[in-house]
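Below is the file input-v4.pdb, which contains PDB, C-alpha atoms.
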```pdb
ATOM      1  CA  MET M 168     195.013 273.037 148.256
ATOM      2  CA  LYS M 169     194.583 269.268 148.204
ATOM      3  CA  ASP M 170     190.940 269.656 147.165
ATOM      4  CA  ALA M 171     192.001 271.887 144.246
ATOM      5  CA  ILE M 172     194.420 269.349 142.709
ATOM      6  CA  LEU M 173     192.970 267.769 139.551
ATOM      7  CA  ASP M 174     196.068 266.067 138.158
ATOM      8  CA  ALA M 175     196.951 262.590 139.471
ATOM      9  CA  ARG M 176     200.651 263.407 138.969
ATOM     10  CA  ILE M 177     200.479 266.251 141.510
ATOM     11  CA  ASN M 178     201.177 265.245 145.117
ATOM     12  CA  GLN M 179     201.802 266.787 148.495
ATOM     13  CA  PRO M 180     204.370 265.333 150.891
ATOM     14  CA  LYS M 181     202.812 263.369 153.718
ATOM     15  CA  ILE M 182     202.659 265.102 157.071
ATOM     16  CA  ILE M 183     204.605 263.036 159.581
ATOM     17  CA  GLU M 184     204.143 265.204 162.645
ATOM     18  CA  ARG M 185     202.133 268.275 163.668
ATOM     19  CA  LYS M 186     203.069 270.661 166.459
ATOM     20  CA  ASP M 187     201.849 274.047 167.584
ATOM     21  CA  HIS M 188     204.292 275.977 165.388
ATOM     22  CA  GLN M 189     205.768 273.255 163.255
ATOM     23  CA  VAL M 190     204.855 270.673 160.652
ATOM     24  CA  VAL M 191     207.207 267.834 159.702
ATOM     25  CA  PHE M 192     206.847 266.470 156.171
ATOM     26  CA  GLU M 193     208.283 263.343 154.608
ATOM     27  CA  PHE M 194     211.548 263.790 152.714
ATOM     28  CA  ILE M 195     211.094 263.937 148.944
ATOM     29  CA  GLU M 196     214.050 263.278 146.662
ATOM     30  CA  GLY M 197     213.810 265.041 143.323
ATOM     31  CA  LYS M 198     214.744 268.097 141.293
ATOM     32  CA  SER M 199     212.755 271.284 141.166
ATOM     33  CA  LEU M 200     211.250 272.560 137.943
ATOM     34  CA  GLU M 201     213.456 275.594 138.431
ATOM     35  CA  ARG M 202     216.560 273.388 138.324
ATOM     36  CA  PHE M 203     215.551 272.060 134.893
ATOM     37  CA  PHE M 204     214.761 275.612 133.823
ATOM     38  CA  PHE M 205     218.137 276.927 134.973
ATOM     39  CA  ASN M 206     220.029 274.036 133.370
ATOM     40  CA  ALA M 207     218.403 274.839 130.026
ATOM     41  CA  PHE M 208     219.493 278.462 130.407
ATOM     42  CA  TRP M 209     223.014 277.446 131.443
ATOM     43  CA  ASP M 210     223.313 275.196 128.389
ATOM     44  CA  GLY M 211     222.097 278.012 126.154
ATOM     45  CA  ASP M 212     219.231 275.812 124.919
ATOM     46  CA  LYS M 213     216.322 278.177 124.234
ATOM     47  CA  ALA M 214     214.081 275.410 122.902
ATOM     48  CA  ARG M 215     214.417 273.408 126.122
ATOM     49  CA  TYR M 216     214.112 276.634 128.141
ATOM     50  CA  LEU M 217     210.731 277.321 126.547
ATOM     51  CA  GLU M 218     209.682 273.694 126.974
ATOM     52  CA  CYS M 219     210.208 274.117 130.728
ATOM     53  CA  THR M 220     208.096 277.271 130.873
ATOM     54  CA  ASP M 221     205.397 275.636 128.726
ATOM     55  CA  LEU M 222     205.293 272.682 131.114
ATOM     56  CA  TYR M 223     205.032 274.942 134.146
ATOM     57  CA  TYR M 224     202.344 277.125 132.550
ATOM     58  CA  ASP M 225     200.370 274.024 131.570
ATOM     59  CA  LEU M 226     200.580 272.641 135.123
ATOM     60  CA  LEU M 227     199.182 275.851 136.592
ATOM     61  CA  LEU M 228     196.313 276.039 134.127
ATOM     62  CA  ASN M 229     195.333 272.395 133.866
ATOM     63  CA  SER M 230     196.409 270.622 137.051
ATOM     64  CA  PHE M 231     194.494 272.742 139.559
ATOM     65  CA  MET M 232     190.930 273.885 139.929
ATOM     66  CA  ILE M 233     190.192 277.075 137.992
ATOM     67  CA  VAL M 234     187.315 279.534 138.374
ATOM     68  CA  LYS M 235     186.179 282.041 135.774
ATOM     69  CA  GLU M 236     184.939 284.828 138.022
ATOM     70  CA  PHE M 237     186.971 287.121 140.232
ATOM     71  CA  HIS M 238     185.661 288.056 143.678
ATOM     72  CA  LEU M 239     187.067 290.922 145.711
ATOM     73  CA  THR M 240     187.066 289.938 149.386
ATOM     74  CA  PRO M 241     188.721 291.289 152.542
ATOM     75  CA  ASP M 242     191.337 288.544 152.080
ATOM     76  CA  ASN M 243     192.565 289.698 148.685
ATOM     77  CA  ASP M 244     191.666 293.396 148.957
ATOM     78  CA  LEU M 245     194.872 294.037 150.907
ATOM     79  CA  PHE M 246     197.005 292.741 148.038
ATOM     80  CA  LEU M 247     195.203 294.668 145.310
ATOM     81  CA  LYS M 248     195.755 298.211 146.534
ATOM     82  CA  GLY M 249     196.670 300.482 143.642
ATOM     83  CA  VAL M 250     195.818 297.743 141.128
ATOM     84  CA  ASN M 251     193.391 298.256 138.247
ATOM     85  CA  LEU M 252     190.596 295.937 139.379
ATOM     86  CA  ASN M 253     188.634 296.287 136.141
ATOM     87  CA  PHE M 254     191.660 294.943 134.316
ATOM     88  CA  ILE M 255     192.067 292.048 136.775
ATOM     89  CA  GLU M 256     188.358 291.174 136.503
ATOM     90  CA  ARG M 257     188.657 290.788 132.715
ATOM     91  CA  GLU M 258     191.308 288.068 132.928
ATOM     92  CA  GLY M 259     188.800 285.292 133.484
ATOM     93  CA  VAL M 260     191.179 282.606 134.826
ATOM     94  CA  TYR M 261     191.714 282.437 138.589
ATOM     95  CA  PHE M 262     192.688 280.057 141.341
ATOM     96  CA  PRO M 263     189.801 279.702 143.812
ATOM     97  CA  HIS M 264     192.437 280.220 146.515
ATOM     98  CA  ALA M 265     195.668 282.044 145.901
ATOM     99  CA  PHE M 266     198.418 279.439 145.784
ATOM    100  CA  LEU M 267     201.098 282.128 145.869
ATOM    101  CA  ASP M 268     203.969 279.736 146.593
ATOM    102  CA  LEU M 269     203.200 277.426 143.690
ATOM    103  CA  VAL M 270     206.418 278.583 142.028
ATOM    104  CA  MET M 271     208.846 276.444 140.029
ATOM    105  CA  ASP M 272     211.290 276.155 142.905
ATOM    106  CA  ASN M 273     208.541 274.598 145.053
ATOM    107  CA  ILE M 274     207.557 271.895 142.572
ATOM    108  CA  LEU M 275     209.800 268.840 142.771
ATOM    109  CA  VAL M 276     209.988 266.276 139.973
ATOM    110  CA  THR M 277     210.781 262.735 141.120
ATOM    111  CA  SER M 278     212.397 259.936 139.139
ATOM    112  CA  ASP M 279     208.971 258.410 138.401
ATOM    113  CA  GLU M 280     207.833 261.751 136.883
ATOM    114  CA  LYS M 281     205.529 262.735 139.701
ATOM    115  CA  TYR M 282     205.275 266.292 140.977
ATOM    116  CA  TYR M 283     205.396 267.242 144.645
ATOM    117  CA  CYS M 284     204.319 270.677 145.856
ATOM    118  CA  ILE M 285     206.346 271.857 148.839
ATOM    119  CA  ASP M 286     206.548 275.056 150.874
ATOM    120  CA  TYR M 287     202.932 275.973 150.259
ATOM    121  CA  GLU M 288     202.202 277.778 153.530
ATOM    122  CA  TRP M 289     201.122 281.007 151.786
ATOM    123  CA  ILE M 290     197.593 280.288 150.611
ATOM    124  CA  ILE M 291     195.115 283.150 150.650
ATOM    125  CA  PRO M 292     191.430 282.109 150.712
ATOM    126  CA  ALA M 293     190.454 284.366 147.838
ATOM    127  CA  SER M 294     190.599 284.248 144.048
ATOM    128  CA  PHE M 295     193.801 285.343 142.313
ATOM    129  CA  PRO M 296     194.827 285.381 138.641
ATOM    130  CA  VAL M 297     196.650 282.211 137.632
ATOM    131  CA  ALA M 298     198.914 284.302 135.403
ATOM    132  CA  PHE M 299     200.067 286.276 138.442
ATOM    133  CA  VAL M 300     201.515 283.124 140.054
ATOM    134  CA  PHE M 301     203.239 282.313 136.759
ATOM    135  CA  TYR M 302     204.610 285.875 136.611
ATOM    136  CA  ARG M 303     205.687 285.717 140.240
ATOM    137  CA  SER M 304     207.786 282.589 139.716
ATOM    138  CA  LEU M 305     209.498 283.827 136.546
ATOM    139  CA  SER M 306     210.083 287.381 137.794
ATOM    140  CA  ASN M 307     211.714 285.928 140.906
ATOM    141  CA  PHE M 308     213.958 283.812 138.662
ATOM    142  CA  TYR M 309     214.944 286.765 136.481
ATOM    143  CA  GLY M 310     215.095 289.577 138.994
ATOM    144  CA  PHE M 311     216.068 288.057 142.318
ATOM    145  CA  LYS M 312     217.712 284.658 142.116
ATOM    146  CA  TYR M 313     219.750 284.676 138.911
ATOM    147  CA  ARG M 314     219.978 288.323 137.926
ATOM    148  CA  GLU M 315     223.774 288.215 138.126
ATOM    149  CA  PHE M 316     223.808 285.593 135.341
ATOM    150  CA  ASP M 317     222.191 288.088 132.944
ATOM    151  CA  VAL M 318     219.245 285.857 132.045
ATOM    152  CA  GLU M 319     217.644 288.933 130.477
ATOM    153  CA  ARG M 320     220.199 288.903 127.673
ATOM    154  CA  PHE M 321     219.520 285.220 126.995
ATOM    155  CA  LEU M 322     215.769 285.793 126.605
ATOM    156  CA  PRO M 323     214.143 289.103 127.664
ATOM    157  CA  PHE M 324     211.579 288.694 130.413
ATOM    158  CA  ALA M 325     208.955 290.807 128.615
ATOM    159  CA  ASP M 326     209.314 288.645 125.490
ATOM    160  CA  LEU M 327     208.850 285.478 127.544
ATOM    161  CA  MET M 328     205.726 286.867 129.228
ATOM    162  CA  ASN M 329     204.321 288.015 125.899
ATOM    163  CA  ARG M 330     204.551 284.408 124.698
ATOM    164  CA  TYR M 331     201.795 283.611 127.209
ATOM    165  CA  GLY M 332     199.679 286.666 126.525
ATOM    166  CA  ILE M 333     200.988 288.620 129.508
ATOM    167  CA  SER M 334     201.365 292.197 128.309
ATOM    168  CA  PHE M 335     203.483 295.000 129.683
ATOM    169  CA  TYR M 336     200.386 296.383 131.403
ATOM    170  CA  HIS M 337     199.884 292.991 133.063
ATOM    171  CA  LEU M 338     203.454 293.212 134.337
ATOM    172  CA  GLU M 339     202.809 296.646 135.847
ATOM    173  CA  GLN M 340     199.695 295.449 137.691
ATOM    174  CA  TYR M 341     201.304 292.192 138.839
ATOM    175  CA  ALA M 342     204.323 294.090 140.140
ATOM    176  CA  LYS M 343     201.985 296.113 142.352
ATOM    177  CA  ILE M 344     200.372 292.924 143.676
ATOM    178  CA  GLU M 345     203.794 291.440 144.444
ATOM    179  CA  GLU M 346     204.890 294.617 146.226
ATOM    180  CA  ASN M 347     201.723 294.576 148.350
ATOM    181  CA  TYR M 348     202.342 290.915 149.146
ATOM    182  CA  GLN M 349     205.939 291.569 150.197
ATOM    183  CA  ARG M 350     204.883 294.493 152.385
ATOM    184  CA  TYR M 351     202.339 292.231 154.045
ATOM    185  CA  ILE M 352     205.066 289.697 154.871
ATOM    186  CA  VAL M 353     208.039 291.874 155.823
ATOM    187  CA  GLY M 354     206.590 295.343 156.347
ATOM    188  CA  ASP M 355     208.493 298.196 154.763
ATOM    189  CA  HIS M 356     211.686 296.135 154.503
ATOM    190  CA  LEU M 357     210.867 294.830 151.051
ATOM    191  CA  TYR M 358     212.553 291.598 150.018
ATOM    192  CA  ASN M 359     214.284 291.412 153.408
ATOM    193  CA  ARG M 360     214.245 287.675 153.948
ATOM    194  CA  SER M 361     216.586 287.643 156.899
ATOM    195  CA  ARG M 362     213.665 287.083 159.239
ATOM    196  CA  TYR M 363     213.203 283.650 157.671
ATOM    197  CA  LEU M 364     216.807 282.550 158.042
ATOM    198  CA  GLU M 365     217.455 280.113 160.832
ATOM    199  CA  LYS M 366     220.588 280.212 162.951
ATOM    200  CA  ARG M 367     223.476 278.574 161.118
ATOM    201  CA  VAL M 368     226.222 276.699 162.943
ATOM    202  CA  SER M 369     229.650 276.300 161.370
ATOM    203  CA  LEU M 370     231.222 272.880 160.870
ATOM    204  CA  ASP M 371     234.031 273.766 163.270
ATOM    205  CA  ASP M 372     231.483 274.412 166.027
ATOM    206  CA  LEU M 373     229.745 271.125 165.255
ATOM    207  CA  MET M 374     232.893 268.983 165.301
ATOM    208  CA  PRO M 375     232.882 268.308 169.082
ATOM    209  CA  CYS M 376     229.347 266.926 168.726
ATOM    210  CA  LEU M 377     230.324 264.354 166.103
ATOM    211  CA  ASP M 378     231.915 260.964 166.477
ATOM    212  CA  GLY M 379     235.395 260.212 165.175
ATOM    213  CA  THR M 380     234.237 258.696 161.880
ATOM    214  CA  GLN M 381     232.096 261.719 161.011
ATOM    215  CA  GLN M 382     234.893 264.102 162.005
ATOM    216  CA  ARG M 383     237.383 262.316 159.746
ATOM    217  CA  LEU M 384     234.871 262.337 156.886
ATOM    218  CA  ILE M 385     234.316 266.091 157.238
ATOM    219  CA  GLN M 386     238.074 266.718 157.436
ATOM    220  CA  THR M 387     238.541 264.706 154.242
ATOM    221  CA  TYR M 388     235.860 266.738 152.476
ATOM    222  CA  GLN M 389     237.379 269.999 153.694
ATOM    223  CA  GLU M 390     240.817 268.977 152.455
ATOM    224  CA  ASN M 391     239.333 268.029 149.071
ATOM    225  CA  ILE M 392     237.682 271.451 148.877
ATOM    226  CA  ARG M 393     240.980 273.168 149.708
ATOM    227  CA  GLN M 394     242.755 271.144 147.011
ATOM    228  CA  LEU M 395     240.088 272.049 144.464
ATOM    229  CA  ASN M 396     240.374 275.723 145.416
ATOM    230  CA  ARG M 397     244.168 275.586 145.034
ATOM    231  CA  ALA M 398     243.838 273.835 141.683
ATOM    232  CA  GLU M 399     241.383 276.493 140.531
ATOM    233  CA  GLU M 400     243.797 279.226 141.604
ATOM    234  CA  ASP M 401     246.651 277.472 139.755
ATOM    235  CA  ILE M 402     244.524 277.270 136.608
ATOM    236  CA  ASP M 403     243.626 280.960 136.861
ATOM    237  CA  THR M 404     247.313 281.831 137.318
ATOM    238  CA  ALA M 405     248.321 279.692 134.328
ATOM    239  CA  VAL M 406     245.619 281.286 132.182
ATOM    240  CA  ARG M 407     246.747 284.777 133.158
ATOM    241  CA  GLN M 408     250.403 283.836 132.488
ATOM    242  CA  GLY M 409     249.444 282.378 129.119
ATOM    243  CA  GLU M 410     247.607 285.565 128.186
ATOM    244  CA  GLN M 411     250.625 287.655 129.168
ATOM    245  CA  ASP M 412     252.975 285.407 127.141
ATOM    246  CA  ARG M 413     250.653 285.648 124.164
ATOM    247  CA  GLU M 414     250.586 289.439 124.365
ATOM    248  CA  ARG M 415     254.409 289.573 124.558
ATOM    249  CA  LEU M 416     254.703 287.227 121.567
ATOM    250  CA  ILE M 417     252.289 289.371 119.560
ATOM    251  CA  GLU M 418     254.343 292.460 120.412
ATOM    252  CA  GLN M 419     257.589 290.720 119.372
ATOM    253  CA  VAL M 420     256.122 289.552 116.055
ATOM    254  CA  LYS M 421     254.762 293.028 115.379
ATOM    255  CA  ALA M 422     258.162 294.595 116.133
ATOM    256  CA  LYS M 423     259.848 292.104 113.772
ATOM    257  CA  ASP M 424     257.290 292.788 111.036
ATOM    258  CA  ASP M 425     257.811 296.516 111.442
ATOM    259  CA  LEU M 426     261.590 296.067 111.182
ATOM    260  CA  ILE M 427     261.273 293.962 108.021
ATOM    261  CA  ALA M 428     258.921 296.507 106.499
ATOM    262  CA  ARG M 429     261.347 299.322 107.229
ATOM    263  CA  LEU M 430     264.247 297.354 105.748
ATOM    264  CA  HIS M 431     262.325 296.607 102.560
ATOM    265  CA  SER M 432     261.435 300.241 102.124
ATOM    266  CA  SER M 433     264.898 301.591 102.992
ATOM    267  CA  TYR M 434     267.140 303.247 100.381
ATOM    268  CA  SER M 435     270.023 300.828 100.961
ATOM    269  CA  MET M 436     267.795 297.837 100.279
ATOM    270  CA  LYS M 437     266.608 299.355  97.020
ATOM    271  CA  ILE M 438     270.238 300.122  95.983
ATOM    272  CA  GLY M 439     271.279 296.574  96.935
ATOM    273  CA  LYS M 440     268.594 295.087  94.724
ATOM    274  CA  THR M 441     269.681 297.273  91.826
ATOM    275  CA  ILE M 442     273.347 296.292  92.225
ATOM    276  CA  LEU M 443     272.696 292.589  92.667
ATOM    277  CA  PHE M 444     270.460 292.241  89.630
ATOM    278  CA  PRO M 445     273.237 292.587  86.971
ATOM    279  CA  PHE M 446     275.397 289.973  88.700
ATOM    280  CA  LYS M 447     272.486 287.545  88.857
ATOM    281  CA  TYR M 448     271.746 288.114  85.185
ATOM    282  CA  ILE M 449     275.380 287.493  84.192
ATOM    283  CA  ARG M 450     275.642 284.311  86.290
ATOM    284  CA  ASP M 451     272.443 282.915  84.802
ATOM    285  CA  ARG M 452     273.362 283.875  81.205
ATOM    286  CA  PHE M 453     277.050 282.942  81.311
ATOM    287  CA  PRO M 454     277.492 279.913  83.608
ATOM    288  CA  HIS M 455     281.240 279.781  82.980
ATOM    289  CA  PHE M 456     281.493 283.260  84.465
ATOM    290  CA  ARG M 457     280.838 281.807  87.914
ATOM    291  CA  GLN M 458     284.054 279.780  87.572
TER
END
```
Take the structure in this file and express it as structure tokens.
Amino acid sequence: MKDAILDARINQPKIIERKDHQVVFEFIEGKSLERFFFNAFWDGDKARYLECTDLYYDLLLNSFMIVKEFHLTPDNDLFLKGVNLNFIEREGVYFPHAFLDLVMDNILVTSDEKYYCIDYEWIIPASFPVAFVFYRSLSNFYGFKYREFDVERFLPFADLMNRYGISFYHLEQYAKIEENYQRYIVGDHLYNRSRYLEKRVSLDDLMPCLDGTQQRLIQTYQENIRQLNRAEEDIDTAVRQGEQDRERLIEQVKAKDDLIARLHSSYSMKIGKTILFPFKYIRDRFPHFRQ
């Protein structure tokens, strides 16, 4: 992958240590492209949202080595089962090696505006369409990570892909490639990522291993979290109570309006108006009559 990087802004974290089944990289402080992308969505800023996708698309096309011819090899044949190869061969823009993990979440942006590629262990030594990697990152954003936020309503996925010349037929073929890739990784348990999760230890279990200062710090944080949770519950309760009070007030006003309307339309009210009118006329016409 290092040999395929053409852009001086693109970096890879330095390898600090190599072991038989482990590689230790330097720590990189930054924000992922996906974080900027999500923030634009969260703010409802479509212009900035598209700027993020344009930036990502431009990085894929212009910051890495590109080849114009597609070659079917034993390495990529496995991932192209059921895919229309004639269609794939007409795309004309491929990575010389499939950088399948070059997704937005794996590209960190540092404060000095450099880009660091992380988590790039899945590299297949065979050509793959650049647009597939772009599709893979965005489809993961829409369909797996943030589906519950209804990103589709904000900007439909098909419309976003069409902006970059990726048709519905492209999406069908790329979906088949992604499914083949997932089957290769996890077998028939598609999208089952539990095999990648490491054992997690709770804070309570870790407490005996920490010194007094760290324990007090964690206890302070936990108490702050509990206070924030209670405050959030109090706010929710107040909002619900306010909504109930508002509904009762609306009902009371409506009942009063109905009563007034009935009084105005009643027979006695009409008679009263008729009777009072002569007295008002006499008082206004003959002031001394009031005395």
Long-range neighbours of range 278-286 of chain M as a PyMOL selection string, 7 Å cut-off, only C-alpha atoms, 6 positions minimum in chain: chain M and resi 176-180+197+268
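Of the residues listed (M:Asp403, M:Gln419, M:Asp272, M:Phe295), M:Asp272 shows the shortest atom-to-atom separation from Arg202 in chain M; distances use all atoms listed in the file.
Using the PyMOL selection byres ((chain M and resi 221) around 12) on the file at hand returns these residues: M:Leu200, M:Phe204, M:Ala214, M:Arg215, M:Tyr216, M:Leu217, M:Glu218, M:Cys219, M:Thr220, M:Leu222, M:Tyr223, M:Tyr224, M:Asp225, M:Leu226, M:Leu227, M:Leu228, M:Asn229, M:Met271, M:Phe301, M:Leu327, M:Met328, M:Arg330, M:Tyr331.
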Care to translate the PyMOL selection byres ((chain M and resi 342-348) around 8) into actual residues of this file, as an mmCIF file with C-alpha atoms, keeping the file's coordinate frame?
```cif
data_model
loop_
_atom_site.group_PDB
_atom_site.id
_atom_site.type_symbol
_atom_site.label_atom_id
_atom_site.label_comp_id
_atom_site.auth_asym_id
_atom_site.auth_seq_id
_atom_site.Cartn_x
_atom_site.Cartn_y
_atom_site.Cartn_z
ATOM 1 C CA LEU M 245 194.872 294.037 150.907
ATOM 2 C CA PHE M 246 197.005 292.741 148.038
ATOM 3 C CA LEU M 247 195.203 294.668 145.310
ATOM 4 C CA LYS M 248 195.755 298.211 146.534
ATOM 5 C CA GLY M 249 196.670 300.482 143.642
ATOM 6 C CA VAL M 250 195.818 297.743 141.128
ATOM 7 C CA ARG M 303 205.687 285.717 140.240
ATOM 8 C CA LEU M 338 203.454 293.212 134.337
ATOM 9 C CA GLU M 339 202.809 296.646 135.847
ATOM 10 C CA GLN M 340 199.695 295.449 137.691
ATOM 11 C CA TYR M 341 201.304 292.192 138.839
ATOM 12 C CA GLN M 349 205.939 291.569 150.197
ATOM 13 C CA ARG M 350 204.883 294.493 152.385
ATOM 14 C CA TYR M 351 202.339 292.231 154.045
ATOM 15 C CA ILE M 352 205.066 289.697 154.871
ATOM 16 C CA LEU M 357 210.867 294.830 151.051
#
```
Long-range neighbours of range 260-266 of chain M as a list in words, 9 Å cut-off, all atoms listed in the file, 3 positions minimum in chain: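 Near neighbours after the sequence-gap exclusion: Met168, Ala171, Leu228, Phe231, Met232, Ile233, Val234, Lys235, Glu236, Phe237, Asn243, Arg257, Leu269, Val270, Tyr287, Glu288, Trp289, Ile290, Ile291, Pro292, Ala293, Ser294, Phe295, Pro296, Val297, Ala298 and Val300 of chain M.
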Nearest-residue call for Asn273 in chain M, choices M:Arg413, M:Lys198, M:Lys181, M:Arg429, using all atoms listed in the file: M:Lys198
M:Ser230, M:Gln189, M:Ser304, M:Asn253 ranked by distance to Ile172 in chain M, top pick (using all atoms listed in the file):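 Answer, going by the shortest atom-to-atom distance: M:Ser230.
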Residue among M:Glu390, M:Glu258, M:Asp424, M:Asp170 lying closest to His337 in chain M, counting all atoms listed in the file: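 Counting all atoms listed in the file, the residue closest to His337 in chain M is M:Glu258.
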Separation of CA of Asp242 in chain M from CA of Phe254 in chain M, in Å and rounded to one decimal: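 Separation of CA of Asp242 in chain M and CA of Phe254 in chain M: 18.9 Å.
With CA of Ser369 in chain M on one side and CA of Val353 in chain M on the other, the separation reads 27.2 Å.
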Pick from M:Val406, M:Ile274, M:Ile182, M:Leu395 nearest to Phe194 in chain M, counting only C-alpha atoms: M:Ile182
Å distance separating CA of Ile255 in chain M from CA of Ala325 in chain M, one decimal place: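 According to the coordinates, CA of Ile255 in chain M and CA of Ala325 in chain M are separated by 18.8 Å.
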Can I get range 322-346 of chain M with N, CA and C atoms filled in, as an mmCIF file, in the frame of the given file?
```cif
data_model
loop_
_atom_site.group_PDB
_atom_site.id
_atom_site.type_symbol
_atom_site.label_atom_id
_atom_site.label_comp_id
_atom_site.auth_asym_id
_atom_site.auth_seq_id
_atom_site.Cartn_x
_atom_site.Cartn_y
_atom_site.Cartn_z
ATOM 1 N N LEU M 322 217.135 285.666 127.119
ATOM 2 C CA LEU M 322 215.769 285.793 126.605
ATOM 3 C C LEU M 322 215.060 286.850 127.445
ATOM 4 N N PRO M 323 214.764 288.020 126.887
ATOM 5 C CA PRO M 323 214.143 289.103 127.664
ATOM 6 C C PRO M 323 212.871 288.646 128.364
ATOM 7 N N PHE M 324 212.720 289.097 129.597
ATOM 8 C CA PHE M 324 211.579 288.694 130.413
ATOM 9 C C PHE M 324 210.261 289.101 129.759
ATOM 10 N N ALA M 325 210.184 290.333 129.243
ATOM 11 C CA ALA M 325 208.955 290.807 128.615
ATOM 12 C C ALA M 325 208.584 289.945 127.414
ATOM 13 N N ASP M 326 209.581 289.505 126.644
ATOM 14 C CA ASP M 326 209.314 288.645 125.490
ATOM 15 C C ASP M 326 208.764 287.289 125.945
ATOM 16 N N LEU M 327 209.326 286.761 127.028
ATOM 17 C CA LEU M 327 208.850 285.478 127.544
ATOM 18 C C LEU M 327 207.409 285.593 128.026
ATOM 19 N N MET M 328 207.090 286.667 128.741
ATOM 20 C CA MET M 328 205.726 286.867 129.228
ATOM 21 C C MET M 328 204.749 287.054 128.066
ATOM 22 N N ASN M 329 205.180 287.771 127.056
ATOM 23 C CA ASN M 329 204.321 288.015 125.899
ATOM 24 C C ASN M 329 203.951 286.715 125.189
ATOM 25 N N ARG M 330 204.826 285.724 125.284
ATOM 26 C CA ARG M 330 204.551 284.408 124.698
ATOM 27 C C ARG M 330 203.280 283.803 125.284
ATOM 28 N N TYR M 331 202.969 284.162 126.521
ATOM 29 C CA TYR M 331 201.795 283.611 127.209
ATOM 30 C C TYR M 331 200.679 284.651 127.363
ATOM 31 N N GLY M 332 200.741 285.668 126.528
ATOM 32 C CA GLY M 332 199.679 286.666 126.525
ATOM 33 C C GLY M 332 199.711 287.626 127.690
ATOM 34 N N ILE M 333 200.851 287.716 128.366
ATOM 35 C CA ILE M 333 200.988 288.620 129.508
ATOM 36 C C ILE M 333 201.669 289.888 129.001
ATOM 37 N N SER M 334 200.889 290.950 128.898
ATOM 38 C CA SER M 334 201.365 292.197 128.309
ATOM 39 C C SER M 334 202.175 293.014 129.314
ATOM 40 N N PHE M 335 202.736 294.102 128.812
ATOM 41 C CA PHE M 335 203.483 295.000 129.683
ATOM 42 C C PHE M 335 202.574 295.586 130.756
ATOM 43 N N TYR M 336 201.322 295.840 130.408
ATOM 44 C CA TYR M 336 200.386 296.383 131.403
ATOM 45 C C TYR M 336 200.094 295.342 132.480
ATOM 46 N N HIS M 337 199.997 294.069 132.073
ATOM 47 C CA HIS M 337 199.884 292.991 133.063
ATOM 48 C C HIS M 337 201.054 293.061 134.048
ATOM 49 N N LEU M 338 202.256 293.205 133.495
ATOM 50 C CA LEU M 338 203.454 293.212 134.337
ATOM 51 C C LEU M 338 203.408 294.352 135.349
ATOM 52 N N GLU M 339 202.921 295.508 134.927
ATOM 53 C CA GLU M 339 202.809 296.646 135.847
ATOM 54 C C GLU M 339 201.848 296.325 136.983
ATOM 55 N N GLN M 340 200.699 295.756 136.670
ATOM 56 C CA GLN M 340 199.695 295.449 137.691
ATOM 57 C C GLN M 340 200.177 294.323 138.612
ATOM 58 N N TYR M 341 200.806 293.301 138.032
ATOM 59 C CA TYR M 341 201.304 292.192 138.839
ATOM 60 C C TYR M 341 202.434 292.642 139.766
ATOM 61 N N ALA M 342 203.248 293.568 139.290
ATOM 62 C CA ALA M 342 204.323 294.090 140.140
ATOM 63 C C ALA M 342 203.756 294.785 141.369
ATOM 64 N N LYS M 343 202.638 295.461 141.208
ATOM 65 C CA LYS M 343 201.985 296.113 142.352
ATOM 66 C C LYS M 343 201.449 295.072 143.337
ATOM 67 N N ILE M 344 200.874 293.993 142.795
ATOM 68 C CA ILE M 344 200.372 292.924 143.676
ATOM 69 C C ILE M 344 201.527 292.309 144.463
ATOM 70 N N GLU M 345 202.632 292.039 143.779
ATOM 71 C CA GLU M 345 203.794 291.440 144.444
ATOM 72 C C GLU M 345 204.343 292.370 145.518
ATOM 73 N N GLU M 346 204.393 293.671 145.231
ATOM 74 C CA GLU M 346 204.890 294.617 146.226
ATOM 75 C C GLU M 346 203.971 294.647 147.448
#
```
